[in-house]
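Chemist: As input, take target_38.cif (mmCIF, C-alpha atoms):
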```cif
data_start
#
loop_
_atom_site.label_atom_id
_atom_site.label_comp_id
_atom_site.auth_asym_id
_atom_site.auth_seq_id
_atom_site.Cartn_x
_atom_site.Cartn_y
_atom_site.Cartn_z
CA MET T 1 27.00 29.98 -18.04
CA SER T 2 23.99 28.04 -16.74
CA ARG T 3 20.47 28.78 -17.93
CA SER T 4 19.41 30.03 -14.50
CA GLN T 5 22.40 32.32 -14.24
CA PHE T 6 21.70 33.65 -17.72
CA SER T 7 18.04 34.33 -17.01
CA ARG T 8 18.78 36.08 -13.74
CA LEU T 9 21.57 38.17 -15.21
CA THR T 10 19.48 39.00 -18.29
CA LEU T 11 16.66 40.24 -16.12
CA CYS T 12 19.11 42.22 -14.01
CA ALA T 13 20.48 43.98 -17.09
CA ALA T 14 17.03 44.68 -18.48
CA ALA T 15 15.77 46.01 -15.19
CA ILE T 16 18.65 48.35 -14.40
CA GLY T 17 17.36 51.11 -16.65
CA ALA T 18 13.81 50.85 -15.38
CA LEU T 19 14.94 50.78 -11.78
CA ALA T 20 17.11 53.83 -12.30
CA ILE T 21 14.09 55.73 -13.58
CA THR T 22 11.91 54.66 -10.67
CA ALA T 23 14.58 54.78 -7.98
CA PHE T 24 12.99 57.73 -6.25
CA VAL T 25 9.96 55.63 -5.35
CA GLY T 26 11.97 52.59 -4.22
CA ALA T 27 11.59 49.03 -5.45
CA PRO T 28 8.79 48.18 -7.89
CA SER T 29 5.48 47.26 -6.24
CA PHE T 30 4.87 44.25 -8.49
CA ALA T 31 6.43 40.86 -9.00
CA ALA T 32 6.64 38.22 -11.69
CA GLU T 33 4.13 36.18 -9.65
CA ASP T 34 1.23 38.07 -8.09
CA ALA T 35 0.02 37.18 -4.62
CA VAL T 36 -3.36 35.46 -4.32
CA VAL T 37 -5.55 35.69 -1.24
CA ILE T 38 -6.54 32.11 -0.40
CA PRO T 39 -8.43 30.36 2.41
CA ALA T 40 -6.58 28.62 5.21
CA PRO T 41 -6.38 24.83 5.00
CA ALA T 42 -9.38 22.97 6.40
CA MET T 43 -6.99 20.42 7.92
CA ASP T 44 -3.87 21.18 9.94
CA VAL T 45 -1.31 19.57 12.21
CA PRO T 46 -2.07 20.09 15.92
CA ALA T 47 0.44 22.16 17.88
CA SER T 48 3.14 20.07 19.56
CA ASP T 49 6.44 20.37 21.32
CA GLY T 50 9.70 20.50 19.44
CA ILE T 51 10.91 22.12 16.24
CA GLN T 52 9.34 20.74 13.05
CA THR T 53 10.72 20.73 9.49
CA VAL T 54 9.27 20.98 6.00
CA VAL T 55 11.03 21.60 2.69
CA VAL T 56 9.35 23.53 -0.11
CA ALA T 57 10.39 24.45 -3.65
CA GLY T 58 8.92 27.39 -5.53
CA GLY T 59 11.35 28.74 -8.08
CA CYS T 60 14.51 30.63 -7.19
CA PHE T 61 15.25 29.94 -3.54
CA TRP T 62 16.31 33.54 -2.83
CA GLY T 63 12.75 34.85 -2.65
CA VAL T 64 11.20 31.82 -0.96
CA GLN T 65 13.86 31.93 1.74
CA GLY T 66 13.33 35.68 2.16
CA VAL T 67 9.59 35.26 2.70
CA PHE T 68 9.99 32.65 5.42
CA GLN T 69 12.83 34.54 7.08
CA HIS T 70 10.25 37.28 7.67
CA THR T 71 7.67 34.82 9.03
CA ALA T 72 7.07 34.64 12.78
CA GLY T 73 7.61 31.20 14.28
CA VAL T 74 10.21 30.16 11.69
CA VAL T 75 13.48 29.51 13.52
CA ASN T 76 15.55 28.96 10.37
CA ALA T 77 14.94 29.00 6.62
CA MET T 78 17.86 27.67 4.60
CA SER T 79 18.29 27.61 0.82
CA GLY T 80 19.36 24.32 -0.67
CA TYR T 81 18.60 21.45 -3.00
CA ALA T 82 16.14 18.56 -2.75
CA GLY T 83 14.94 15.83 -5.09
CA GLY T 84 18.31 14.54 -6.34
CA ASN T 85 21.50 12.95 -5.12
CA LYS T 86 24.10 14.45 -2.80
CA SER T 87 26.76 14.17 -5.51
CA THR T 88 24.93 16.65 -7.76
CA ALA T 89 23.79 19.05 -5.04
CA ASN T 90 25.72 22.10 -6.17
CA TYR T 91 24.52 25.22 -7.96
CA GLU T 92 26.33 24.76 -11.26
CA THR T 93 25.12 21.18 -11.70
CA VAL T 94 21.58 21.77 -10.46
CA SER T 95 21.30 24.69 -12.90
CA THR T 96 21.59 22.28 -15.83
CA GLY T 97 18.12 20.99 -14.98
CA THR T 98 19.26 17.36 -15.27
CA THR T 99 19.84 16.38 -11.63
CA GLY T 100 16.30 15.92 -10.31
CA HIS T 101 17.00 18.61 -7.73
CA ALA T 102 14.80 21.63 -7.18
CA GLU T 103 16.01 24.86 -5.64
CA SER T 104 14.40 24.44 -2.24
CA VAL T 105 14.09 25.96 1.21
CA GLN T 106 14.26 23.97 4.41
CA ILE T 107 11.90 25.55 6.94
CA LYS T 108 12.36 24.77 10.62
CA TYR T 109 9.51 26.14 12.69
CA ASP T 110 7.98 26.18 16.16
CA PRO T 111 4.51 24.58 15.82
CA LYS T 112 3.34 26.44 18.92
CA LYS T 113 3.91 29.74 17.10
CA ILE T 114 3.01 28.85 13.52
CA SER T 115 1.29 25.80 12.10
CA TYR T 116 2.25 23.64 9.15
CA GLY T 117 -0.98 24.68 7.48
CA LYS T 118 -0.17 28.36 7.84
CA ILE T 119 3.26 27.77 6.27
CA LEU T 120 1.54 26.11 3.31
CA GLN T 121 -0.93 28.97 3.05
CA ILE T 122 1.92 31.50 2.88
CA PHE T 123 3.79 29.29 0.41
CA PHE T 124 0.82 29.08 -1.97
CA SER T 125 -0.29 32.68 -1.51
CA VAL T 126 2.77 34.94 -1.58
CA ALA T 127 5.96 32.87 -1.95
CA HIS T 128 5.34 31.60 -5.49
CA ASP T 129 2.76 30.77 -8.18
CA PRO T 130 1.82 27.10 -7.77
CA THR T 131 0.18 26.93 -11.21
CA GLN T 132 3.41 27.41 -13.18
CA LEU T 133 4.92 24.15 -14.41
CA ASN T 134 8.71 23.90 -14.13
CA ARG T 135 9.21 27.64 -14.01
CA GLN T 136 8.76 30.77 -11.89
CA GLY T 137 8.94 34.26 -13.35
CA PRO T 138 11.97 34.53 -15.67
CA ASP T 139 13.46 31.17 -14.63
CA SER T 140 12.53 27.92 -16.37
CA GLY T 141 13.55 24.29 -15.87
CA THR T 142 12.67 21.43 -13.54
CA GLN T 143 14.97 22.94 -10.90
CA TYR T 144 12.36 25.72 -10.55
CA ARG T 145 9.37 23.41 -10.10
CA SER T 146 6.77 23.76 -7.38
CA ALA T 147 7.06 21.01 -4.78
CA ILE T 148 6.50 20.13 -1.14
CA PHE T 149 8.94 17.63 0.31
CA THR T 150 7.24 16.22 3.39
CA THR T 151 8.79 14.75 6.51
CA SER T 152 5.79 12.70 7.69
CA ASP T 153 2.66 10.98 6.40
CA GLU T 154 0.60 13.60 8.22
CA GLN T 155 2.33 16.41 6.33
CA SER T 156 1.68 14.62 3.02
CA LYS T 157 -2.00 14.07 3.82
CA ILE T 158 -2.55 17.70 4.75
CA ALA T 159 -0.66 19.06 1.75
CA ASP T 160 -2.63 16.86 -0.66
CA ALA T 161 -5.91 17.82 0.99
CA TYR T 162 -5.05 21.53 0.83
CA ILE T 163 -4.20 21.37 -2.87
CA ALA T 164 -7.52 19.64 -3.52
CA GLN T 165 -9.30 22.27 -1.42
CA LEU T 166 -7.72 25.17 -3.32
CA ASN T 167 -8.40 23.59 -6.71
CA ALA T 168 -12.04 22.98 -5.74
CA ALA T 169 -12.38 26.60 -4.61
CA LYS T 170 -10.91 27.76 -7.95
CA VAL T 171 -8.81 30.44 -6.29
CA TYR T 172 -6.38 30.29 -9.23
CA LYS T 173 -7.12 30.62 -12.92
CA LYS T 174 -5.27 27.35 -13.59
CA PRO T 175 -4.89 24.08 -11.65
CA ILE T 176 -2.12 23.75 -9.06
CA VAL T 177 0.86 21.75 -10.37
CA THR T 178 2.70 21.42 -7.03
CA LYS T 179 4.04 17.91 -6.45
CA VAL T 180 3.93 16.43 -2.96
CA GLY T 181 6.37 13.70 -2.00
CA PRO T 182 8.57 12.50 0.86
CA LEU T 183 11.84 14.26 1.56
CA GLU T 184 14.73 11.92 0.78
CA GLY T 185 17.47 14.44 1.42
CA PHE T 186 18.11 18.16 1.74
CA TYR T 187 21.48 19.65 0.88
CA PRO T 188 22.28 23.24 1.91
CA ALA T 189 23.18 25.61 -0.91
CA GLU T 190 26.49 27.42 -1.10
CA ALA T 191 27.12 30.13 1.48
CA TYR T 192 26.74 32.96 -1.04
CA HIS T 193 23.11 31.94 -1.65
CA GLN T 194 22.13 32.18 2.02
CA ASP T 195 20.35 35.33 3.26
CA TYR T 196 20.59 36.61 -0.32
CA LEU T 197 17.47 38.79 -0.26
CA THR T 198 18.56 40.58 2.91
CA LEU T 199 22.12 41.08 1.72
CA HIS T 200 21.17 42.28 -1.80
CA PRO T 201 17.80 44.06 -1.54
CA THR T 202 18.51 46.52 -4.38
CA GLN T 203 19.81 43.98 -6.88
CA PRO T 204 17.39 44.23 -9.85
CA TYR T 205 16.39 40.54 -9.81
CA ILE T 206 15.63 40.71 -6.10
CA ALA T 207 13.92 44.11 -6.30
CA TYR T 208 11.65 43.05 -9.15
CA ASN T 209 10.84 39.45 -8.24
CA ASP T 210 11.37 38.96 -4.53
CA ILE T 211 11.01 42.13 -2.46
CA PRO T 212 7.32 42.35 -3.50
CA LYS T 213 6.80 38.86 -2.06
CA VAL T 214 7.94 40.07 1.35
CA GLU T 215 5.75 43.16 0.95
CA ASN T 216 2.77 40.91 0.18
CA LEU T 217 3.55 38.80 3.24
CA LYS T 218 3.43 41.94 5.35
CA LYS T 219 0.17 43.04 3.75
CA ILE T 220 -1.75 39.77 3.56
CA PHE T 221 -0.32 37.96 6.61
CA ALA T 222 0.33 40.91 8.90
CA GLU T 223 -0.10 38.79 12.04
CA ASN T 224 2.62 36.41 10.83
CA TYR T 225 5.08 39.02 9.58
CA ILE T 226 8.23 40.08 11.42
CA GLU T 227 10.26 43.07 10.32
CA LYS T 228 13.66 41.70 11.31
CA PRO T 229 14.46 38.56 9.30
CA THR T 230 15.65 35.38 10.96
CA LEU T 231 18.89 34.83 9.05
CA VAL T 232 20.88 31.66 8.50
CA SER T 233 24.00 33.49 9.63
CA SER T 234 22.31 34.37 12.94
CA ALA T 235 21.01 30.83 13.45
CA LYS T 236 24.49 29.39 12.95
CA ALA T 237 25.94 31.88 15.40
CA THR T 238 23.48 30.88 18.14
CA ASN T 239 23.74 27.10 17.67
#
```
As structure tokens, what does this structure read like?
Modeler:
Amino acid sequence: MSRSQFSRLTLCAAAIGALAITAFVGAPSFAAEDAVVIPAPAMDVPASDGIQTVVVAGGCFWGVQGVFQHTAGVVNAMSGYAGGNKSTANYETVSTGTTGHAESVQIKYDPKKISYGKILQIFFSVAHDPTQLNRQGPDSGTQYRSAIFTTSDEQSKIADAYIAQLNAAKVYKKPIVTKVGPLEGFYPAEAYHQDYLTLHPTQPYIAYNDIPKVENLKKIFAENYIEKPTLVSSAKATN
């Protein structure tokens, strides 16, 4: 069993009892990574025609995908792998932490409805903790690192500037460890990983770690939140 599978299953087992006790109040209102209210980026990409793409990594892709599937202007958010070779882009191999891959989410968005900068703000604020090195919550390893895989020089420039801005503002207790670099390839994850948060909302790992992220999106970014998620299965059906 891979380390990531073990950590997720261990947390599930440990949480079952607690969740049973608190079932009458629904999912827990806290997560392994707390949301942080942060300023918007001082620099952003101007609105343009056409669908744009960015790939981000912030721990287990289930929760990151779930957040952006509830974000207005995102036309598809797909879980997958980035940072390594195509030959090792599968869950079992990536989970060894030796492939260079990170569990990632490819975000395709309409820049007339949401900006690149706003996506980064949501990513840093509610989707994950950018100060954790090679881990998020109960999961550890380089496959859980914080990263932004950019698709243009402009994206890289803005991401670097935003990280510097947030560090200068000291909005976190520790420095941001997010790595910014060009996207060399994105490989979709297995079908059973797609839309996982929506399909398994009461699973203990999801309930404890990921549902609160969506709740924080709704609370902190109310103008960007949509109740009905934009699912990979729906996007495939309409393409």
Chemist: Suppose a student applies the PyMOL selection byres ((chain T and resi 191) around 12) to this structure; what residues should they get, written as a VMD selection string?
Modeler: chain T and resid 78 to 80 90 to 91 187 to 190 192 to 196 232 to 233 236
Chemist: Store the residues of this selection in a file with C-alpha atoms, as a short mmCIF file (atom, residue, chain, number, x, y, z; two decimals), in the coordinates of the input.
Modeler:
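Below is the file out-v4.cif, written as the result:
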```
data_model
loop_
_atom_site.label_atom_id
_atom_site.label_comp_id
_atom_site.auth_asym_id
_atom_site.auth_seq_id
_atom_site.Cartn_x
_atom_site.Cartn_y
_atom_site.Cartn_z
CA MET T 78 17.86 27.67 4.60
CA SER T 79 18.29 27.61 0.82
CA GLY T 80 19.36 24.32 -0.67
CA ASN T 90 25.72 22.10 -6.17
CA TYR T 91 24.52 25.22 -7.96
CA TYR T 187 21.48 19.65 0.88
CA PRO T 188 22.28 23.24 1.91
CA ALA T 189 23.18 25.61 -0.91
CA GLU T 190 26.49 27.42 -1.10
CA TYR T 192 26.74 32.96 -1.04
CA HIS T 193 23.11 31.94 -1.65
CA GLN T 194 22.13 32.18 2.02
CA ASP T 195 20.35 35.33 3.26
CA TYR T 196 20.59 36.61 -0.32
CA VAL T 232 20.88 31.66 8.50
CA SER T 233 24.00 33.49 9.63
CA LYS T 236 24.49 29.39 12.95
#
```
Chemist: Need to verify the contact set: T:Thr71, 9 Å, all atoms listed in the file, exclusion of same-chain residues closer than 5 positions in sequence. Can you return it as a list in words?
Modeler: Gly66, Ile114, Ile119, Leu217, Phe221, Asn224, Tyr225, Ile226, Glu227, Pro229 and Thr230 of chain T
Chemist: Which residues would end up in the selection if the PyMOL selection byres ((chain T and resi 45-55) around 8) were applied here, given that I need the answer as a ChimeraX atom specification?
Modeler: /T:43-44,56-57,104-112,115-117,148-151,154-155,158,183,186
Chemist: Counting all atoms listed in the file, figure out which residue out of T:Thr131, T:Ile220, T:Leu120, T:Lys86 gets nearest to T:Lys170.
Modeler: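 Checking each of T:Thr131, T:Ile220, T:Leu120, T:Lys86 against T:Lys170, counting all atoms listed in the file, the winner is T:Thr131.
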Chemist: Could you pull the residues within 10 Å of T:Pro201, counting all atoms listed in the file, minus those fewer than 5 positions along the same chain, as a CSV table (one decimal) with C-alpha atoms, in the frame of the given file?
Modeler:
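File written: part24.csv
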```csv
chain,number,residue,atom,x,y,z
T,27,ALA,CA,11.6,49.0,-5.4
T,196,TYR,CA,20.6,36.6,-0.3
T,206,ILE,CA,15.6,40.7,-6.1
T,207,ALA,CA,13.9,44.1,-6.3
T,208,TYR,CA,11.6,43.0,-9.2
T,210,ASP,CA,11.4,39.0,-4.5
T,211,ILE,CA,11.0,42.1,-2.5
```
Chemist: Please enumerate the residues selected by the PyMOL selection byres ((chain T and resi 166) around 10) when evaluated against the supplied file, formatted as a PyMOL selection string.
Modeler: chain T and resi 38-41+124+161-165+167-172+175-176
Chemist: Can you work out the spacing between atom CA of T:Lys213 and atom CA of T:Val126 in Å, to one decimal?
Modeler: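 The value is 5.6 Å.
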Chemist: Some atoms are missing, so please complete stretch 184-195 of chain T with all heavy atoms and return it as a tab-separated table (two decimals), in the frame of the given file.
Modeler:
```
chain	number	residue	atom	x	y	z
T	184	GLU	N	13.70	12.96	0.72
T	184	GLU	CA	14.73	11.92	0.78
T	184	GLU	C	16.10	12.50	1.12
T	184	GLU	O	17.03	11.75	1.43
T	184	GLU	CB	14.77	11.18	-0.56
T	184	GLU	CG	13.48	10.43	-0.85
T	184	GLU	CD	13.53	9.65	-2.15
T	184	GLU	OE1	14.55	9.75	-2.86
T	184	GLU	OE2	12.55	8.94	-2.45
T	185	GLY	N	16.22	13.80	1.06
T	185	GLY	CA	17.47	14.44	1.42
T	185	GLY	C	17.42	15.92	1.10
T	185	GLY	O	16.85	16.32	0.08
T	186	PHE	N	17.98	16.72	1.97
T	186	PHE	CA	18.11	18.16	1.74
T	186	PHE	C	19.57	18.53	1.88
T	186	PHE	O	20.23	18.13	2.85
T	186	PHE	CB	17.27	18.97	2.73
T	186	PHE	CG	17.48	20.46	2.61
T	186	PHE	CD1	16.82	21.19	1.63
T	186	PHE	CD2	18.37	21.13	3.45
T	186	PHE	CE1	17.04	22.56	1.48
T	186	PHE	CE2	18.58	22.49	3.32
T	186	PHE	CZ	17.92	23.21	2.33
T	187	TYR	N	20.07	19.30	0.91
T	187	TYR	CA	21.48	19.65	0.88
T	187	TYR	C	21.61	21.17	0.83
T	187	TYR	O	21.17	21.79	-0.14
T	187	TYR	CB	22.16	19.00	-0.33
T	187	TYR	CG	21.87	17.52	-0.41
T	187	TYR	CD1	20.86	17.03	-1.25
T	187	TYR	CD2	22.56	16.62	0.39
T	187	TYR	CE1	20.56	15.68	-1.30
T	187	TYR	CE2	22.27	15.26	0.34
T	187	TYR	CZ	21.27	14.79	-0.49
T	187	TYR	OH	20.97	13.44	-0.53
T	188	PRO	N	22.17	21.78	1.86
T	188	PRO	CA	22.28	23.24	1.91
T	188	PRO	C	23.01	23.80	0.69
T	188	PRO	O	23.98	23.22	0.21
T	188	PRO	CB	23.07	23.50	3.19
T	188	PRO	CG	22.80	22.31	4.05
T	188	PRO	CD	22.73	21.16	3.09
T	189	ALA	N	22.53	24.93	0.21
T	189	ALA	CA	23.18	25.61	-0.91
T	189	ALA	C	24.46	26.29	-0.43
T	189	ALA	O	24.72	26.42	0.78
T	189	ALA	CB	22.24	26.63	-1.52
T	190	GLU	N	25.23	26.73	-1.38
T	190	GLU	CA	26.49	27.42	-1.10
T	190	GLU	C	26.25	28.66	-0.24
T	190	GLU	O	25.17	29.26	-0.28
T	190	GLU	CB	27.16	27.82	-2.42
T	190	GLU	CG	27.58	26.64	-3.29
T	190	GLU	CD	26.46	26.00	-4.10
T	190	GLU	OE1	25.29	26.41	-3.94
T	190	GLU	OE2	26.74	25.09	-4.88
T	191	ALA	N	27.26	29.04	0.52
T	191	ALA	CA	27.12	30.13	1.48
T	191	ALA	C	26.66	31.43	0.82
T	191	ALA	O	25.89	32.20	1.42
T	191	ALA	CB	28.44	30.35	2.22
T	192	TYR	N	27.09	31.69	-0.40
T	192	TYR	CA	26.74	32.96	-1.04
T	192	TYR	C	25.26	33.04	-1.42
T	192	TYR	O	24.76	34.13	-1.73
T	192	TYR	CB	27.63	33.24	-2.26
T	192	TYR	CG	27.47	32.29	-3.43
T	192	TYR	CD1	26.53	32.54	-4.42
T	192	TYR	CD2	28.28	31.17	-3.55
T	192	TYR	CE1	26.39	31.69	-5.51
T	192	TYR	CE2	28.15	30.31	-4.64
T	192	TYR	CZ	27.21	30.57	-5.62
T	192	TYR	OH	27.07	29.72	-6.68
T	193	HIS	N	24.55	31.92	-1.38
T	193	HIS	CA	23.11	31.94	-1.65
T	193	HIS	C	22.28	32.21	-0.39
T	193	HIS	O	21.11	32.55	-0.49
T	193	HIS	CB	22.66	30.60	-2.25
T	193	HIS	CG	23.03	30.41	-3.68
T	193	HIS	ND1	22.62	31.28	-4.68
T	193	HIS	CD2	23.77	29.46	-4.29
T	193	HIS	CE1	23.08	30.86	-5.84
T	193	HIS	NE2	23.80	29.76	-5.63
T	194	GLN	N	22.88	32.03	0.78
T	194	GLN	CA	22.13	32.18	2.02
T	194	GLN	C	21.92	33.66	2.36
T	194	GLN	O	22.80	34.49	2.15
T	194	GLN	CB	22.86	31.47	3.17
T	194	GLN	CG	23.20	30.02	2.91
T	194	GLN	CD	21.99	29.14	2.65
T	194	GLN	OE1	20.85	29.49	2.97
T	194	GLN	NE2	22.23	27.97	2.04
T	195	ASP	N	20.71	33.96	2.86
T	195	ASP	CA	20.35	35.33	3.26
T	195	ASP	C	20.46	36.31	2.09
T	195	ASP	O	20.68	37.51	2.28
T	195	ASP	CB	21.24	35.81	4.42
T	195	ASP	CG	21.22	34.88	5.62
T	195	ASP	OD1	20.20	34.17	5.81
T	195	ASP	OD2	22.22	34.84	6.36
```
